[in-house]
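With compact mmCIF, C-alpha atoms inside, this is model-v7.txt:
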# COMPACT_ATOMS: atom_id res chain seq x y z
CA MET C 1 13.41 -25.39 5.24
CA LYS C 2 14.86 -28.33 7.09
CA LYS C 3 16.27 -26.19 9.85
CA ASN C 4 14.62 -23.00 10.99
CA TRP C 5 16.60 -19.81 11.32
CA PRO C 6 17.00 -18.61 14.91
CA LEU C 7 14.22 -16.62 16.48
CA TRP C 8 14.64 -12.90 17.23
CA GLU C 9 12.62 -10.51 19.35
CA VAL C 10 11.84 -7.14 17.80
CA PHE C 11 11.59 -3.85 19.67
CA VAL C 12 10.40 -0.74 17.88
CA ARG C 13 10.51 2.89 18.95
CA SER C 14 7.40 4.36 17.39
CA LYS C 15 8.27 8.02 17.94
CA ASN C 16 11.27 9.97 19.09
CA GLY C 17 11.03 10.36 22.85
CA LEU C 18 9.14 7.13 23.39
CA GLU C 19 10.81 3.94 24.57
CA HIS C 20 11.33 0.87 22.38
CA ARG C 21 8.48 -1.56 22.84
CA HIS C 22 8.25 -5.22 22.12
CA PHE C 23 6.46 -5.71 18.81
CA GLY C 24 6.85 -9.41 18.16
CA SER C 25 9.33 -11.93 16.89
CA LEU C 26 10.67 -13.28 13.61
CA HIS C 27 13.17 -15.67 12.08
CA ALA C 28 16.46 -14.56 10.53
CA SER C 29 19.89 -16.05 9.97
CA ASP C 30 21.85 -13.13 11.45
CA GLU C 31 21.57 -9.62 12.95
CA LYS C 32 21.53 -7.84 9.63
CA MET C 33 18.78 -9.99 8.20
CA ALA C 34 16.85 -9.71 11.46
CA LEU C 35 16.85 -5.91 11.19
CA GLU C 36 15.79 -5.99 7.56
CA ASN C 37 13.05 -8.51 8.21
CA ALA C 38 11.86 -6.46 11.16
CA ARG C 39 11.70 -3.42 8.93
CA ASP C 40 9.55 -5.32 6.45
CA VAL C 41 7.36 -7.18 8.89
CA TYR C 42 6.79 -4.59 11.63
CA THR C 43 7.32 -1.08 10.24
CA ARG C 44 5.69 -1.24 6.83
CA ARG C 45 2.77 0.87 8.00
CA ASN C 46 4.96 3.66 9.28
CA GLU C 47 5.16 2.36 12.85
CA GLY C 48 8.69 3.20 13.74
CA VAL C 49 11.78 5.38 13.84
CA SER C 50 14.16 2.86 15.38
CA ILE C 51 14.40 -0.92 15.63
CA TRP C 52 16.24 -3.17 18.06
CA VAL C 53 16.54 -6.90 17.57
CA VAL C 54 17.85 -9.44 20.04
CA LYS C 55 18.12 -13.18 19.75
CA SER C 56 15.31 -14.74 21.72
CA ILE C 57 17.71 -17.13 23.46
CA HIS C 58 19.33 -14.13 25.14
CA ILE C 59 16.15 -13.33 26.98
CA THR C 60 15.84 -14.84 30.41
CA ALA C 61 12.26 -15.10 31.53
CA THR C 62 10.43 -15.90 34.73
CA ASN C 63 8.79 -19.26 34.92
CA PRO C 64 4.99 -19.04 34.93
CA LYS C 65 4.99 -21.89 37.45
CA ASN C 66 6.48 -19.51 40.00
CA ASN C 67 3.93 -16.79 39.42
CA GLY C 68 2.35 -17.49 42.78
CA GLU C 69 5.40 -16.72 44.86
CA LEU C 70 6.65 -14.00 42.54
CA PHE C 71 3.60 -11.88 41.94
CA GLU C 72 0.73 -12.79 44.23
CA PRO C 73 2.17 -11.37 47.47
CA ALA C 74 1.97 -7.92 45.89
CA LYS C 75 -1.74 -8.18 45.20
CA ASP C 76 -3.06 -7.34 48.67
CA LYS C 77 -0.55 -4.58 49.33
CA VAL C 78 -2.48 -1.70 47.89
CA TYR C 79 -0.60 0.69 50.16
CA ARG C 80 2.39 0.28 47.85
CA HIS C 81 0.52 2.37 45.31
CA PRO C 82 0.79 6.10 45.95
CA THR C 83 -3.00 6.44 46.10
CA PHE C 84 -3.41 7.60 49.68
CA TYR C 85 -2.22 11.17 49.26
CA LYS C 86 -4.65 14.05 49.28
CA LEU C 87 -4.06 15.95 46.08
CA PRO C 88 -4.54 19.72 45.98
CA ASP C 89 -7.53 20.70 43.84
CA GLU C 90 -5.34 22.66 41.42
CA LEU C 91 -3.69 19.43 40.31
CA LYS C 92 -5.69 17.92 37.53
CA HIS C 93 -5.18 14.91 35.31
CA MET C 94 -3.26 12.84 37.84
CA MET S 1 -1.43 13.17 -28.88
CA LYS S 2 0.64 16.30 -28.54
CA ASN S 3 3.54 14.85 -26.68
CA LYS S 4 3.91 11.31 -27.89
CA ASN S 5 7.58 11.10 -27.07
CA LEU S 6 7.06 12.16 -23.48
CA TYR S 7 4.20 9.68 -23.22
CA ASN S 8 6.26 6.79 -24.55
CA TYR S 9 9.30 7.72 -22.53
CA ILE S 10 7.39 7.59 -19.27
CA LEU S 11 5.49 4.50 -20.35
CA GLY S 12 8.81 2.68 -20.77
CA ILE S 13 9.88 3.45 -17.21
CA ALA S 14 6.46 2.64 -15.79
CA ASP S 15 5.96 -0.65 -17.64
CA ASN S 16 9.20 -2.03 -16.18
CA SER S 17 7.93 -1.45 -12.68
CA LEU S 18 4.43 -2.70 -13.49
CA ILE S 19 5.54 -6.03 -14.90
CA LEU S 20 8.19 -6.62 -12.24
CA GLY S 21 5.64 -5.69 -9.58
CA GLN S 22 3.24 -8.22 -11.06
CA ARG S 23 5.93 -10.90 -11.16
CA LEU S 24 6.77 -10.31 -7.49
CA GLY S 25 3.09 -10.25 -6.65
CA GLU S 26 2.79 -13.81 -7.93
CA LEU S 27 5.00 -14.82 -5.00
CA CYS S 28 2.62 -13.43 -2.39
CA GLY S 29 1.99 -16.35 -0.06
CA HIS S 30 4.67 -18.44 -1.78
CA GLY S 31 7.87 -16.87 -0.43
CA PRO S 32 10.52 -19.15 1.09
CA ASN S 33 9.47 -18.00 4.56
CA LEU S 34 7.08 -15.52 6.11
CA GLU S 35 9.57 -12.67 6.47
CA THR S 36 10.91 -12.88 2.91
CA ASP S 37 7.40 -13.27 1.58
CA ILE S 38 6.38 -9.98 3.19
CA ALA S 39 9.55 -8.28 1.97
CA LEU S 40 8.92 -9.32 -1.63
CA THR S 41 5.32 -8.19 -1.46
CA ASN S 42 6.44 -4.85 -0.03
CA ILE S 43 8.78 -4.37 -2.97
CA SER S 44 6.01 -5.33 -5.35
CA LEU S 45 3.69 -2.76 -3.81
CA ASP S 46 6.41 -0.07 -3.89
CA LEU S 47 6.83 -0.68 -7.61
CA LEU S 48 3.10 -0.66 -8.32
CA GLY S 49 2.78 2.57 -6.33
CA GLN S 50 5.44 4.20 -8.46
CA THR S 51 3.77 2.88 -11.57
CA ARG S 52 0.52 4.59 -10.59
CA ASN S 53 2.29 7.95 -10.36
CA TYR S 54 3.59 7.58 -13.90
CA TYR S 55 0.33 6.33 -15.38
CA GLN S 56 -1.71 9.05 -13.69
CA TYR S 57 0.63 11.59 -15.17
CA ILE S 58 0.54 10.27 -18.71
CA ALA S 59 -3.19 9.61 -18.64
CA ARG S 60 -3.48 13.41 -18.74
CA LEU S 61 -1.34 13.58 -21.89
CA HIS S 62 -3.84 11.44 -23.78
CA ASP S 63 -6.24 13.07 -26.26
CA LYS S 64 -9.10 10.83 -25.31
CA GLU S 65 -10.19 10.55 -21.75
CA LYS S 66 -8.02 7.83 -20.22
CA THR S 67 -7.42 6.68 -16.69
CA GLU S 68 -4.41 5.04 -15.11
CA ASP S 69 -6.35 1.76 -15.18
CA ASP S 70 -6.87 1.95 -18.94
CA ILE S 71 -3.15 2.32 -19.43
CA ALA S 72 -2.19 -0.35 -16.94
CA PHE S 73 -4.74 -2.98 -17.89
CA LEU S 74 -6.19 -2.40 -21.33
CA ARG S 75 -3.33 -2.56 -23.74
CA SER S 76 -2.38 -5.45 -25.99
CA GLU S 77 0.91 -7.25 -25.55
CA ARG S 78 2.74 -5.33 -28.28
CA GLU S 79 1.82 -2.05 -26.60
CA TYR S 80 3.74 -2.84 -23.41
CA ILE S 81 7.32 -1.65 -23.67
CA ASN S 82 9.00 -3.10 -20.60
CA VAL S 83 12.42 -4.71 -20.94
CA LEU S 84 12.55 -8.50 -21.30
CA LEU S 85 14.33 -8.95 -17.98
CA VAL S 86 11.36 -8.04 -15.80
CA GLU S 87 9.01 -10.54 -17.44
CA GLN S 88 11.32 -13.52 -16.80
CA PRO S 89 9.73 -16.14 -14.55
CA ASN S 90 10.25 -16.80 -10.85
CA THR S 91 12.11 -20.03 -11.67
CA HIS S 92 13.58 -20.25 -8.17
CA PHE S 93 14.52 -17.80 -5.45
CA GLY S 94 17.95 -17.28 -7.05
CA PHE S 95 16.23 -16.09 -10.23
CA VAL S 96 13.94 -13.79 -8.29
CA MET S 97 16.91 -12.17 -6.59
CA ALA S 98 19.15 -12.00 -9.68
CA ARG S 99 16.36 -10.38 -11.69
CA GLN S 100 15.67 -7.95 -8.88
CA PHE S 101 19.34 -7.15 -8.42
CA PHE S 102 19.99 -6.47 -12.12
CA TYR S 103 16.93 -4.25 -12.20
CA ASP S 104 17.57 -2.43 -8.91
CA VAL S 105 21.10 -1.34 -9.83
CA PHE S 106 19.73 0.16 -13.04
CA HIS S 107 16.60 1.56 -11.42
CA LEU S 108 18.58 3.31 -8.69
CA MET S 109 20.96 4.93 -11.18
CA LEU S 110 18.01 5.98 -13.32
CA MET S 111 16.13 7.55 -10.40
CA GLU S 112 19.26 9.43 -9.27
CA LYS S 113 19.50 11.07 -12.68
CA LEU S 114 15.76 11.47 -13.23
CA GLN S 115 15.64 13.77 -10.21
CA GLU S 116 17.43 16.33 -12.38
CA SER S 117 14.81 16.12 -15.14
CA LYS S 118 13.43 19.40 -16.45
CA ASP S 119 9.99 17.87 -16.13
CA GLU S 120 8.91 18.75 -12.60
CA THR S 121 6.48 15.86 -12.20
CA LEU S 122 9.07 13.30 -13.25
CA SER S 123 11.64 14.84 -10.99
CA ALA S 124 9.20 14.73 -8.07
CA ILE S 125 8.31 11.08 -8.73
CA ALA S 126 12.00 10.19 -8.84
CA LYS S 127 12.70 12.02 -5.59
CA LYS S 128 9.94 10.10 -3.88
CA ALA S 129 10.87 6.75 -5.42
CA ILE S 130 14.57 6.89 -4.68
CA LYS S 131 14.28 5.90 -1.02
CA GLU S 132 12.21 2.87 -1.90
CA VAL S 133 14.54 1.88 -4.71
CA SER S 134 17.60 2.26 -2.47
CA TYR S 135 16.03 -0.23 -0.13
CA HIS S 136 15.22 -2.63 -2.96
CA PHE S 137 18.83 -2.50 -4.04
CA ARG S 138 20.02 -3.13 -0.52
CA PHE S 139 17.68 -6.09 -0.15
CA SER S 140 18.49 -7.76 -3.47
CA SER S 141 22.24 -7.17 -3.36
CA ASP S 142 22.34 -8.60 0.18
CA TRP S 143 20.60 -11.73 -1.00
CA VAL S 144 22.87 -12.10 -4.01
CA LYS S 145 25.83 -11.97 -1.62
CA ARG S 146 24.26 -14.32 0.91
CA LEU S 147 23.37 -16.93 -1.67
CA GLY S 148 26.49 -16.54 -3.79
CA ASP S 149 28.72 -16.74 -0.75
CA GLY S 150 26.54 -19.28 1.05
CA THR S 151 26.41 -23.03 0.68
CA LYS S 152 27.57 -25.00 -2.32
CA GLU S 153 24.00 -25.39 -3.50
CA SER S 154 23.00 -21.76 -3.02
CA HIS S 155 26.16 -20.67 -4.86
CA TYR S 156 25.34 -22.99 -7.75
CA LYS S 157 21.76 -21.75 -8.00
CA MET S 158 22.72 -18.09 -7.76
CA GLN S 159 25.33 -18.51 -10.48
CA GLU S 160 22.80 -20.33 -12.63
CA ALA S 161 20.36 -17.42 -12.34
CA VAL S 162 23.03 -14.78 -12.99
CA ASP S 163 24.24 -16.65 -16.09
CA GLU S 164 20.71 -17.15 -17.36
CA LEU S 165 19.55 -13.55 -16.89
CA TRP S 166 22.75 -11.79 -17.87
CA ARG S 167 21.73 -11.62 -21.52
CA PHE S 168 18.82 -9.35 -20.66
CA THR S 169 20.88 -6.65 -18.93
CA ASP S 170 22.02 -4.81 -22.03
CA GLU S 171 18.50 -3.88 -23.09
CA PHE S 172 18.31 -1.25 -20.34
CA PHE S 173 20.71 0.82 -22.40
CA TYR S 174 18.95 0.54 -25.74
CA LEU S 175 17.52 3.93 -26.69
CA THR S 176 14.16 4.19 -28.43
CA GLU S 177 13.18 7.19 -30.54
CA ALA S 178 11.20 8.53 -27.60
CA ASP S 179 14.20 8.10 -25.29
CA LYS S 180 16.42 10.02 -27.68
CA ALA S 181 13.93 12.85 -28.11
CA MET S 182 13.47 13.20 -24.37
CA ILE S 183 17.21 13.21 -23.71
CA GLU S 184 17.44 15.98 -26.30
CA ALA S 185 14.75 17.92 -24.46
CA GLY S 186 16.50 17.58 -21.08
CA ILE S 187 13.59 15.57 -19.72
CA GLY S 188 14.87 12.04 -20.18
CA VAL S 189 17.99 10.45 -18.77
CA ASP S 190 20.73 9.39 -21.14
CA VAL S 191 21.21 5.95 -19.66
CA SER S 192 24.18 5.22 -21.90
CA ASN S 193 26.13 7.64 -19.68
CA PHE S 194 25.97 5.22 -16.79
CA LYS S 195 26.21 1.94 -18.65
CA GLU S 196 29.85 1.54 -17.64
CA ALA S 197 29.08 2.43 -14.02
CA TYR S 198 26.24 -0.09 -14.10
CA TYR S 199 28.44 -3.00 -15.10
CA ILE S 200 31.14 -1.94 -12.63
CA LYS S 201 28.63 -1.90 -9.79
CA VAL S 202 27.09 -5.22 -10.80
CA SER S 203 30.52 -6.83 -11.16
CA GLU S 204 31.65 -5.53 -7.76
CA ILE S 205 28.74 -7.16 -6.02
CA LEU S 206 28.96 -10.40 -7.99
CA THR S 207 32.64 -10.59 -7.11
CA GLU S 208 31.88 -9.97 -3.45
CA ALA S 209 29.32 -12.75 -3.73
CA THR S 210 32.12 -15.03 -5.04
CA LEU S 211 30.15 -15.39 -8.28
CA SER S 212 31.81 -15.26 -11.66
CA ILE S 213 30.85 -12.52 -14.07
CA PRO S 214 29.38 -13.96 -17.26
CA GLU S 215 31.52 -13.33 -20.30
CA SER S 216 28.86 -13.82 -22.93
CA LYS S 217 28.59 -10.94 -25.35
CA TYR S 218 25.27 -12.13 -26.71
CA PHE S 219 22.45 -9.95 -25.48
CA GLN S 220 18.75 -10.20 -26.13
CA LYS S 221 16.38 -7.33 -26.55
CA GLY S 222 12.96 -6.53 -27.98
CA GLY S 223 10.74 -5.65 -25.05
CA LYS S 224 11.28 -1.92 -25.49
CA GLN S 225 9.86 -2.27 -29.00
CA GLY S 226 6.95 -4.36 -27.79
CA ILE S 227 8.39 -7.69 -28.88
CA HIS S 228 8.18 -9.85 -25.79
CA SER S 229 9.16 -13.30 -24.65
CA GLU S 230 6.64 -16.12 -24.49
CA HIS S 231 6.03 -15.35 -20.80
CA MET S 232 4.42 -11.99 -21.41
CA GLY S 233 1.05 -13.28 -22.58
CA PHE S 234 0.59 -15.29 -19.40
CA ILE S 235 1.52 -12.33 -17.22
CA LEU S 236 -0.99 -10.10 -19.00
CA THR S 237 -3.74 -12.70 -18.81
CA GLU S 238 -3.48 -12.64 -15.06
CA LEU S 239 -2.82 -8.92 -14.78
CA GLN S 240 -5.74 -7.94 -16.98
CA TYR S 241 -8.24 -10.54 -15.86
CA MET S 242 -10.31 -8.32 -13.57
CA GLN S 243 -10.51 -5.35 -15.94
CA ARG S 244 -11.35 -7.55 -18.90
CA THR S 245 -13.96 -9.56 -17.04
CA TYR S 246 -15.55 -6.65 -15.16
CA PRO S 247 -14.89 -3.62 -17.37
CA ASN S 248 -14.43 -0.34 -15.51
CA MET S 249 -14.39 -2.00 -12.15
CA LYS S 250 -12.84 0.04 -9.36
CA TRP S 251 -11.66 -0.75 -5.87
What's the structure tokens form of this structure?
Amino acid sequence: MKKNWPLWEVFVRSKNGLEHRHFGSLHASDEKMALENARDVYTRRNEGVSIWVVKSIHITATNPKNNGELFEPAKDKVYRHPTFYKLPDELKHM
Amino acid sequence: MKNKNLYNYILGIADNSLILGQRLGELCGHGPNLETDIALTNISLDLLGQTRNYYQYIARLHDKEKTEDDIAFLRSEREYINVLLVEQPNTHFGFVMARQFFYDVFHLMLMEKLQESKDETLSAIAKKAIKEVSYHFRFSSDWVKRLGDGTKESHYKMQEAVDELWRFTDEFFYLTEADKAMIEAGIGVDVSNFKEAYYIKVSEILTEATLSIPESKYFQKGGKQGIHSEHMGFILTELQYMQRTYPNMKW
């Protein structure tokens, strides 16, 4: 292939009630082929009940270079986690 | 054997899927791209899975103790009764898709009717297979349309494959003695009832694909009587290699 087909990101819902999760990516020439390829590549072992595909170019991502300013300030702010409450003994599995 | 007609009837259906499955299996790792490669291998495995159901069933009809592997791997060329279409080579991707498409349209119509068979096992196999076969049909007819209605080159290659393989389509509707006996018994499907529907469906999709429908009235057959094309020996050599070299080997 001289020119590659566009890249698509694949999201699969593995069970009713669960959210779609990112499974991986693949190449396809259009939406229809992307869905069919996703079916063959990612759900052949009974992994899913629903598939979403989206062209990878439509995803806007953070730049890893900015990870410092974006994510590090949150690291020392443990109080943002709701871990300082006293839980009643009757509450289990929290 | 008590029920030779039933045995041969089922063998005919199963051998088609076995040989086509083997042909598609040859492409494993050689598909035009990763996604299509996996899709073709999936179809191959679907077909081989269906084949196992049939062979397991008819192995029980045998007088001598036979297994599905004996039937699949240890027959001579003349004892395979698949149609000539499925043994045609993977000349190029257009051929792979045209062969698949011609087979899938037939296979789907056959499975729809086989569900109504008086034979409960056959009916159950058909009910299970139909979802797989519907997908095969969707996959191959999509590709026929994409390539036919694609670039100048893809159109040319698709038309070439359709023209080349057209002469093998009529054999689906040839009835052997076993076929006739099983239709009589309400077990087999009278495929001649959907011959017209078959060609209408095929023509519809070829037209949508901007391909022309071959006009040739010359059709080739022989596979259903065990008379195969020159390709069959090579397919069997590869298919049977393991069982012939290591007799009785199992996974």
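The smallest atom-to-atom distance between chain C and any of S:Thr36, S:Ser134, S:Ser192, S:Asn3, using all atoms listed in the file, is found for S:Thr36.
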So which one's closest to Trp8 in chain C, C:His22, C:Arg44, C:Lys55, C:Lys75? Using all atoms listed in the file, please.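 The answer is C:Lys55, which sits nearest to Trp8 in chain C.
The shell of residues at most 10 Å from Ala129 in chain S, with all atoms listed in the file counted and near chain neighbours (fewer than 4 positions) removed, consists of S:Asp46, S:Leu47, S:Gly49, S:Gln50, S:Asn53, S:His107, S:Leu108, S:Met111, S:Glu112, S:Gln115, S:Ser123, S:Ala124, S:Ile125, S:Val133, S:Ser134.
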Find the residues of chain C in contact range of chain S, meaning any atom within 8 Å when counting only C-alpha atoms, and list them as an MDAnalysis selection string. chainID C and resid 26:27 36:37 40:41 44
Nearest residue to Ser56 in chain C from the set C:Leu7, C:Ala34, C:Val78, C:Leu70 (distances using all atoms listed in the file):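 Nearest candidate to Ser56 in chain C out of C:Leu7, C:Ala34, C:Val78, C:Leu70: C:Leu7.
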Two-atom distance - CA of Ile71 in chain S, CA of Leu114 in chain S (Å):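 Rounded to one decimal, the two atoms are 21.9 Å apart.
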Could you name the residues that touch Gln56 in chain S at 12 Å or less, counting only C-alpha atoms, but leaving out those on the same chain fewer than 4 positions away, as a ChimeraX atom specification? /S:7,10-11,14,49-52,60-62,65-72,121-122,125
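For the pair CA of Ser212 in chain S and CA of Met33 in chain C, the separation is 24.3 Å.
Taking CA of Arg78 in chain S and CA of Ile227 in chain S as the two end points, the separation is 6.2 Å.
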